[in-house]
There are 2 protein chains.
Amino acid sequence: MSSQRVTLRDVARRAGVHPGTASRALNPESRHLVKAETAERVRQAADDLQFHPDPAARSLKTRRSYTVGVLLPDLNNPLFPPIVRGIEDTLGRHGYVVLLGNTDNDEDQERRVVEGMRSRNIDGIIVATARQRHPLLDTVVAADLPVVLVNRILDDPSFPSASVDDQRGAELAVDHLVQLGHRRIAHIAGPQDVSTGVGRLRGFEEGLRRAGLDPDPDLIVVAETFTRNAGRTCMAALLQSGRSFTAVVAGNDLLALGCYLALEDAGLRCPDQVSVVGFNDMPFIDQLRPPLSSVRIPHYEVGTAAAELILDRISDHRAPVASRVLPAELVIRASTAPPVQL
Amino acid sequence: MSSQRVTLRDVARRAGVHPGTASRALNPESRHLVKAETAERVRQAADDLQFHPDPAARSLKTRRSYTVGVLLPDLNNPLFPPIVRGIEDTLGRHGYVVLLGNTDNDEDQERRVVEGMRSRNIDGIIVATARQRHPLLDTVVAADLPVVLVNRILDDPSFPSASVDDQRGAELAVDHLVQLGHRRIAHIAGPQDVSTGVGRLRGFEEGLRRAGLDPDPDLIVVAETFTRNAGRTCMAALLQSGRSFTAVVAGNDLLALGCYLALEDAGLRCPDQVSVVGFNDMPFIDQLRPPLSSVRIPHYEVGTAAAELILDRISDHRAPVASRVLPAELVIRASTAPPVQL
DNA sequence: TTGTAGGCGTTATCAC
DNA sequence: GTGATAACGCCTACAA
């Protein structure tokens with residue numbers, strides 16, 4: 001039917017005005033320049049004709065694409081889908097569209113992906129891959145491209161960010177274990193070049209100290225990646241070290257899953273012999289064997305917050321740098337129990 | 001530094017030719033029109049200057065956006081991330097970019113999302129939400145927009161599609177149970193307005209017949225949605241019906257998770273009293289209690305196949321309609337065991 | 001084989 | 001308050 005392309009000229013003709021006027025009438029920022037009555041007539045015509053401005057033409061003129069890049073390690077990590085949805089839903093309501101990019105933790109790939117985004121004139125970029133020393137961020141800043149960090153942040157507070165109170169989350173995990181009676185608690189820490197790994201380790205140590213316990217360096221092992229395999233390896237190493245412990249806080253749920261495997265390998269039972277706490281509250285971990293206690297993160301809200309921040313930066317590149325830190329919360333299931341005296 | 005926008009004119013100037021020539025030299029389809037030597041000089045200049053053609057300008061002229069829409073129910077369903085990655089990786093290699101749209105199974109939302117995509121001049125759309133009677137598809141066809149169905153297909157074979165042999169997959173599940181000695185096998189079927197639900201039910205019945213067993217209608221219950229809650233409800237109904245059975249094939253893993261819950265509610269143990277088989281082989285179901293036997297689907301490859309099909313359709317709207325059906329495979333874990341005589 | 005010119009649909013800068 | 005006009009960067013007849 002109306003498969004014919006309808007342009008601003010069509011709208012203008014129908015409303016009996018010049019295309020320039022129609023453009024002004026249709027754009028919120030310039031609507032005040034045109035008589036209310038005319039504006040209404042144009043709006044009506046646009047409506048009748050089902051007019052949608054051509055984004056290519058607009059973008060060519062305005063140098064804005066109404067497109068935002070989202071850079072993440074891997075969409076398959078269950079952490080990201082809800083964050084992405086939070087971002088998309090929010091940006092979508094403001095007429096923006098998301099370009100997803102997976103880096104697979106590879107610097108070259110990351111560069112290529114960002115290159116591709118920039119060549120498409122993205123108006124801003126949301127970065128979920130931030131490492132403490134990150135050349136990418138320098139280039140992005142140099143290009144005056146609005147950035148917001150999500151999930152992983154930097155010590156350097158010069159970037160806007162939406163994240164979670166990782167430290168507090170880890171403290172909650174420790175508190176819980178201490179209350180159950182645990183005294184010798186281990187930590188499988190995440191990689192220490194990303195904020196989530198660092199913050200949770202810090203929270204772990206702080207939690208112990210506040211309980212009057214001394215963090216034992218031998219009970220802290222740092223995983224190279226946030227993966228199940230890494231968790232298995234680290235937990236195995238911990239068990240083989242011979243140091244005694246009755247509970248472990250894992251840097252995230254995948255590491256916790258690895259702990260489960262290592263415990264099984266060693267013929268140990270959770271929570272009977274070792275309690276385990278995860279981080280992220282991944283979907284369906286309530287049906288693991290045993291159901292995993294975990295620190296819950298408001299993923300979707302982290303996404304919406306990031307989207308709001310990038311919108312602010314886009315509309316004003318010099319807007320004050322804001323950081324949104326959302327609270328974590330402990331979900332207690334069956335992987336934690338009082339320690340048994342051996 | 002080189003943050004200045006570099007255009008075709010810059011490239012042309014550096015190569016000592018006119019912009020028109022530069023354009024021809026840079027475009028694969030017109031490269032043959034220009035002397036090899038000149039073309040090389042232009043290519044070199046473009047390389048030196050890090051030239052990227054402005055997609056907005058190109059799109060304005062060519063009416064192609066190098067953008068493909070992907071319509072899915074909800075990215076949070078663990079089924080989709082790997083499919084999306086397969087699509088993005090493949091399309092990305094061909095210079096295309098993906099616009100994701102979540103419908104949340106809501107028709108209005110679906111219309112809005114597709115509207116948004118169309119206003120952005122997508123070159124094609126990959127649809128993972130196909131229902132047997134689907135107005136959306138009519139409008140898309142009417143607009144001569146290339147479509148490919150993924151995962152869910154139609155009986156109507158006029159759409160290109162990339163999917164999985166659902167029927168054969170369900171047959172594999174039944175075969176396995178029969179071999180273990182089960183004779184009274186139930187099925188929690190998925191919704192019957194989507195092909196995955198239908199195909200798996202068909203395969204379930206066919207599998208029984210091939211084993212010389214008669215499908216018992218009372219042992220088939222149809223879930224309204226592919227969710228954990230629906231699975232729980234259906235399984236509970238089945239248990240309450242009083243019909244005896246020793247195994248159940250679930251329409252997908254989420255339904256299987258619901259079965260687990262219902263069994264637990266009823267104080268029954270899996271696989272001791274009831275064996276369960278899922279469908280999709282979701283991540284980490286190997287660590288469920290008990291580890292879930294499931295029909296594995298090559299998600300990523302389904303995505304890449306869909307991407308290839310849409311590329312074909314885009315480059316030739318009248319290309320023959322192709323359907324790619326990928327094989328399913330049974331992964332046996334600990335949720336299936338021989339039946340015990342009660 | 002290469003140069004020239006016009007236009008894709010929109011917005012912005014002028015006049016009027 | 002509105003109309004005319006040029007320009008965004010690229011592609012593509014057509015001319016040379």
# chains A, B, ... in the order shown; residues from 1 in each chain; ligands from 1

call {"tool": "closest_atom_pairs", "arguments": {"of": "stretch 19-56 of chain A", "to": "chain D", "cutoff": "7 Å", "atoms": "only C-alpha atoms (C1' of nucleotides)", "output": "tab-separated table"}}
result
residue	atom	partner	partner_atom	distance
A:Thr21	CA	D:DT2	C1'	6.7
A:Val34	CA	D:DG1	C1'	5.8
A:Lys35	CA	D:DG1	C1'	6.4

call {"tool": "residues_around", "arguments": {"residues": "A:Thr246", "least_positions_apart": "2", "cutoff": "8 Å", "atoms": "only C-alpha atoms (C1' of nucleotides)", "output": "VMD selection string"}}
result
chain A and resid 182 to 186 244 248 273 to 275 339

call {"tool": "closest_atom_pairs", "arguments": {"of": "chain A", "to": "chain C", "cutoff": "7 Å", "atoms": "only C-alpha atoms (C1' of nucleotides)", "output": "Markdown table"}}
result
| residue | atom | partner | partner_atom | distance |
| --- | --- | --- | --- | --- |
| A:Thr7 | CA | C:DG9 | C1' | 6.9 |
| A:Asp54 | CA | C:DG9 | C1' | 6.6 |
| A:Ala57 | CA | C:DG9 | C1' | 5.0 |
| A:Arg58 | CA | C:DT10 | C1' | 4.9 |
| A:Lys61 | CA | C:DT11 | C1' | 6.1 |

call {"tool": "select_by_dssp", "arguments": {"residues": "stretch 278-334 of chain B", "states": "alpha helix (DSSP H)", "output": "PyMOL selection string"}}
result
chain B and resi 299-315

call {"tool": "write_last_selection", "arguments": {"atoms": "N, CA and C atoms", "output": "PDB file, in the first residue's frame"}}
result
ATOM      1  N   HIS B 299      23.192 -23.732  18.645  1.00  0.00           N
ATOM      2  CA  HIS B 299      22.652 -22.370  18.612  1.00  0.00           C
ATOM      3  C   HIS B 299      23.465 -21.426  17.736  1.00  0.00           C
ATOM      4  N   TYR B 300      24.744 -21.414  17.992  1.00  0.00           N
ATOM      5  CA  TYR B 300      25.589 -20.464  17.266  1.00  0.00           C
ATOM      6  C   TYR B 300      25.466 -20.686  15.761  1.00  0.00           C
ATOM      7  N   GLU B 301      25.495 -21.954  15.363  1.00  0.00           N
ATOM      8  CA  GLU B 301      25.426 -22.268  13.939  1.00  0.00           C
ATOM      9  C   GLU B 301      24.064 -21.912  13.359  1.00  0.00           C
ATOM     10  N   VAL B 302      23.035 -22.031  14.161  1.00  0.00           N
ATOM     11  CA  VAL B 302      21.720 -21.590  13.704  1.00  0.00           C
ATOM     12  C   VAL B 302      21.781 -20.094  13.389  1.00  0.00           C
ATOM     13  N   GLY B 303      22.473 -19.363  14.251  1.00  0.00           N
ATOM     14  CA  GLY B 303      22.634 -17.929  14.020  1.00  0.00           C
ATOM     15  C   GLY B 303      23.409 -17.637  12.745  1.00  0.00           C
ATOM     16  N   THR B 304      24.521 -18.314  12.571  1.00  0.00           N
ATOM     17  CA  THR B 304      25.317 -18.037  11.371  1.00  0.00           C
ATOM     18  C   THR B 304      24.524 -18.408  10.115  1.00  0.00           C
ATOM     19  N   ALA B 305      23.778 -19.507  10.184  1.00  0.00           N
ATOM     20  CA  ALA B 305      22.987 -19.907   9.018  1.00  0.00           C
ATOM     21  C   ALA B 305      21.949 -18.839   8.687  1.00  0.00           C
ATOM     22  N   ALA B 306      21.293 -18.338   9.703  1.00  0.00           N
ATOM     23  CA  ALA B 306      20.282 -17.303   9.480  1.00  0.00           C
ATOM     24  C   ALA B 306      20.917 -16.076   8.842  1.00  0.00           C
ATOM     25  N   ALA B 307      22.097 -15.718   9.324  1.00  0.00           N
ATOM     26  CA  ALA B 307      22.788 -14.550   8.783  1.00  0.00           C
ATOM     27  C   ALA B 307      23.112 -14.758   7.308  1.00  0.00           C
ATOM     28  N   GLU B 308      23.591 -15.948   6.986  1.00  0.00           N
ATOM     29  CA  GLU B 308      23.938 -16.204   5.586  1.00  0.00           C
ATOM     30  C   GLU B 308      22.699 -16.121   4.700  1.00  0.00           C
ATOM     31  N   LEU B 309      21.608 -16.655   5.210  1.00  0.00           N
ATOM     32  CA  LEU B 309      20.381 -16.632   4.417  1.00  0.00           C
ATOM     33  C   LEU B 309      19.891 -15.202   4.182  1.00  0.00           C
ATOM     34  N   ILE B 310      19.976 -14.377   5.211  1.00  0.00           N
ATOM     35  CA  ILE B 310      19.466 -13.022   5.020  1.00  0.00           C
ATOM     36  C   ILE B 310      20.374 -12.255   4.058  1.00  0.00           C
ATOM     37  N   LEU B 311      21.671 -12.530   4.107  1.00  0.00           N
ATOM     38  CA  LEU B 311      22.577 -11.876   3.163  1.00  0.00           C
ATOM     39  C   LEU B 311      22.200 -12.241   1.727  1.00  0.00           C
ATOM     40  N   ASP B 312      21.882 -13.511   1.530  1.00  0.00           N
ATOM     41  CA  ASP B 312      21.455 -13.946   0.196  1.00  0.00           C
ATOM     42  C   ASP B 312      20.223 -13.173  -0.255  1.00  0.00           C
ATOM     43  N   ARG B 313      19.259 -13.088   0.630  1.00  0.00           N
ATOM     44  CA  ARG B 313      18.011 -12.421   0.264  1.00  0.00           C
ATOM     45  C   ARG B 313      18.227 -10.937   0.013  1.00  0.00           C
ATOM     46  N   ILE B 314      19.108 -10.346   0.777  1.00  0.00           N
ATOM     47  CA  ILE B 314      19.334  -8.919   0.598  1.00  0.00           C
ATOM     48  C   ILE B 314      19.975  -8.652  -0.759  1.00  0.00           C
ATOM     49  N   SER B 315      20.936  -9.491  -1.109  1.00  0.00           N
ATOM     50  CA  SER B 315      21.622  -9.216  -2.373  1.00  0.00           C
ATOM     51  C   SER B 315      20.731  -9.594  -3.557  1.00  0.00           C
TER      52      SER B 315
END

call {"tool": "residues_around", "arguments": {"residues": "A:Leu208", "least_positions_apart": "2", "cutoff": "10 Å", "atoms": "only C-alpha atoms (C1' of nucleotides)", "output": "JSON, numbers by chain"}}
result
{"A": [171, 174, 175, 177, 178, 183, 184, 185, 203, 204, 205, 206, 210, 211, 212, 213, 214, 215, 216]}

call {"tool": "select_by_dssp", "arguments": {"residues": "stretch 149-278 of chain B", "states": "strand (DSSP E or B)", "output": "PDB file with N, CA and C atoms, in the first residue's frame"}}
result
ATOM      1  N   LEU B 149      13.422 -16.539   8.911  1.00  0.00           N
ATOM      2  CA  LEU B 149      12.970 -17.018  10.215  1.00  0.00           C
ATOM      3  C   LEU B 149      14.094 -17.811  10.866  1.00  0.00           C
ATOM      4  N   VAL B 150      14.202 -17.660  12.164  1.00  0.00           N
ATOM      5  CA  VAL B 150      15.221 -18.429  12.858  1.00  0.00           C
ATOM      6  C   VAL B 150      14.602 -19.113  14.059  1.00  0.00           C
ATOM      7  N   SER B 161      14.472 -20.045   6.175  1.00  0.00           N
ATOM      8  CA  SER B 161      14.582 -20.238   7.612  1.00  0.00           C
ATOM      9  C   SER B 161      15.821 -21.028   7.997  1.00  0.00           C
ATOM     10  N   ALA B 162      16.269 -20.758   9.206  1.00  0.00           N
ATOM     11  CA  ALA B 162      17.352 -21.543   9.796  1.00  0.00           C
ATOM     12  C   ALA B 162      16.823 -22.103  11.102  1.00  0.00           C
ATOM     13  N   SER B 163      16.789 -23.410  11.192  1.00  0.00           N
ATOM     14  CA  SER B 163      16.197 -23.998  12.385  1.00  0.00           C
ATOM     15  C   SER B 163      16.850 -25.326  12.688  1.00  0.00           C
ATOM     16  N   VAL B 164      16.231 -26.009  13.631  1.00  0.00           N
ATOM     17  CA  VAL B 164      16.788 -27.253  14.100  1.00  0.00           C
ATOM     18  C   VAL B 164      15.772 -28.352  13.876  1.00  0.00           C
ATOM     19  N   ILE B 185       5.648 -42.912  28.999  1.00  0.00           N
ATOM     20  CA  ILE B 185       6.418 -41.676  28.926  1.00  0.00           C
ATOM     21  C   ILE B 185       5.482 -40.503  28.681  1.00  0.00           C
ATOM     22  N   ALA B 186       5.657 -39.452  29.467  1.00  0.00           N
ATOM     23  CA  ALA B 186       4.801 -38.269  29.314  1.00  0.00           C
ATOM     24  C   ALA B 186       5.536 -37.173  28.541  1.00  0.00           C
ATOM     25  N   HIS B 187       4.761 -36.181  28.110  1.00  0.00           N
ATOM     26  CA  HIS B 187       5.363 -35.045  27.401  1.00  0.00           C
ATOM     27  C   HIS B 187       4.746 -33.741  27.890  1.00  0.00           C
ATOM     28  N   ILE B 188       5.614 -32.852  28.377  1.00  0.00           N
ATOM     29  CA  ILE B 188       5.163 -31.482  28.635  1.00  0.00           C
ATOM     30  C   ILE B 188       5.481 -30.722  27.362  1.00  0.00           C
ATOM     31  N   ALA B 189       4.487 -30.535  26.533  1.00  0.00           N
ATOM     32  CA  ALA B 189       4.722 -29.903  25.233  1.00  0.00           C
ATOM     33  C   ALA B 189       4.756 -28.391  25.361  1.00  0.00           C
ATOM     34  N   ILE B 220       0.025 -36.320  27.663  1.00  0.00           N
ATOM     35  CA  ILE B 220       0.560 -35.151  26.959  1.00  0.00           C
ATOM     36  C   ILE B 220      -0.132 -33.913  27.484  1.00  0.00           C
ATOM     37  N   VAL B 221       0.622 -32.994  28.007  1.00  0.00           N
ATOM     38  CA  VAL B 221       0.018 -31.751  28.467  1.00  0.00           C
ATOM     39  C   VAL B 221       0.778 -30.580  27.831  1.00  0.00           C
ATOM     40  N   VAL B 222      -0.006 -29.633  27.351  1.00  0.00           N
ATOM     41  CA  VAL B 222       0.572 -28.526  26.594  1.00  0.00           C
ATOM     42  C   VAL B 222       0.756 -27.299  27.479  1.00  0.00           C
ATOM     43  N   ALA B 247       8.629 -41.484  33.037  1.00  0.00           N
ATOM     44  CA  ALA B 247       9.569 -40.538  32.423  1.00  0.00           C
ATOM     45  C   ALA B 247       8.801 -39.434  31.739  1.00  0.00           C
ATOM     46  N   VAL B 248       9.479 -38.288  31.558  1.00  0.00           N
ATOM     47  CA  VAL B 248       8.830 -37.181  30.870  1.00  0.00           C
ATOM     48  C   VAL B 248       9.836 -36.483  29.953  1.00  0.00           C
ATOM     49  N   VAL B 249       9.349 -36.161  28.761  1.00  0.00           N
ATOM     50  CA  VAL B 249      10.135 -35.351  27.832  1.00  0.00           C
ATOM     51  C   VAL B 249       9.587 -33.930  27.910  1.00  0.00           C
ATOM     52  N   ALA B 250      10.434 -32.993  28.282  1.00  0.00           N
ATOM     53  CA  ALA B 250       9.978 -31.607  28.404  1.00  0.00           C
ATOM     54  C   ALA B 250      10.246 -30.859  27.094  1.00  0.00           C
ATOM     55  N   SER B 275      12.193 -40.033  35.316  1.00  0.00           N
ATOM     56  CA  SER B 275      13.274 -39.516  34.476  1.00  0.00           C
ATOM     57  C   SER B 275      12.790 -38.277  33.737  1.00  0.00           C
ATOM     58  N   VAL B 276      13.706 -37.320  33.496  1.00  0.00           N
ATOM     59  CA  VAL B 276      13.349 -36.086  32.785  1.00  0.00           C
ATOM     60  C   VAL B 276      14.381 -35.800  31.695  1.00  0.00           C
ATOM     61  N   VAL B 277      13.887 -35.447  30.521  1.00  0.00           N
ATOM     62  CA  VAL B 277      14.775 -34.981  29.447  1.00  0.00           C
ATOM     63  C   VAL B 277      14.359 -33.571  29.052  1.00  0.00           C
ATOM     64  N   GLY B 278      15.336 -32.703  28.898  1.00  0.00           N
ATOM     65  CA  GLY B 278      15.052 -31.333  28.475  1.00  0.00           C
ATOM     66  C   GLY B 278      15.366 -31.126  27.001  1.00  0.00           C
TER      67      GLY B 278
END

call {"tool": "interface_residues", "arguments": {"of": "chain B", "to": "chain D", "cutoff": "12 Å", "atoms": "only C-alpha atoms (C1' of nucleotides)", "output": "list in words"}}
result
Arg5, Val6, Thr7, Leu8, Arg9, Asp10, Pro19, Gly20, Thr21, Ala22, Ser23, Arg24, Leu26, Asn27, Ser30, His52, Pro53, Asp54, Pro55, Ala56, Ala57, Arg58, Ser59, Leu60, Lys61, Thr62 and Arg63 of chain B

call {"tool": "residues_around", "arguments": {"residues": "B:Tyr96", "least_positions_apart": "3", "cutoff": "8 Å", "atoms": "only C-alpha atoms (C1' of nucleotides)", "output": "list in words"}}
result
Tyr66, Thr67, Val68, Leu91, Gly92 and Arg93 of chain B
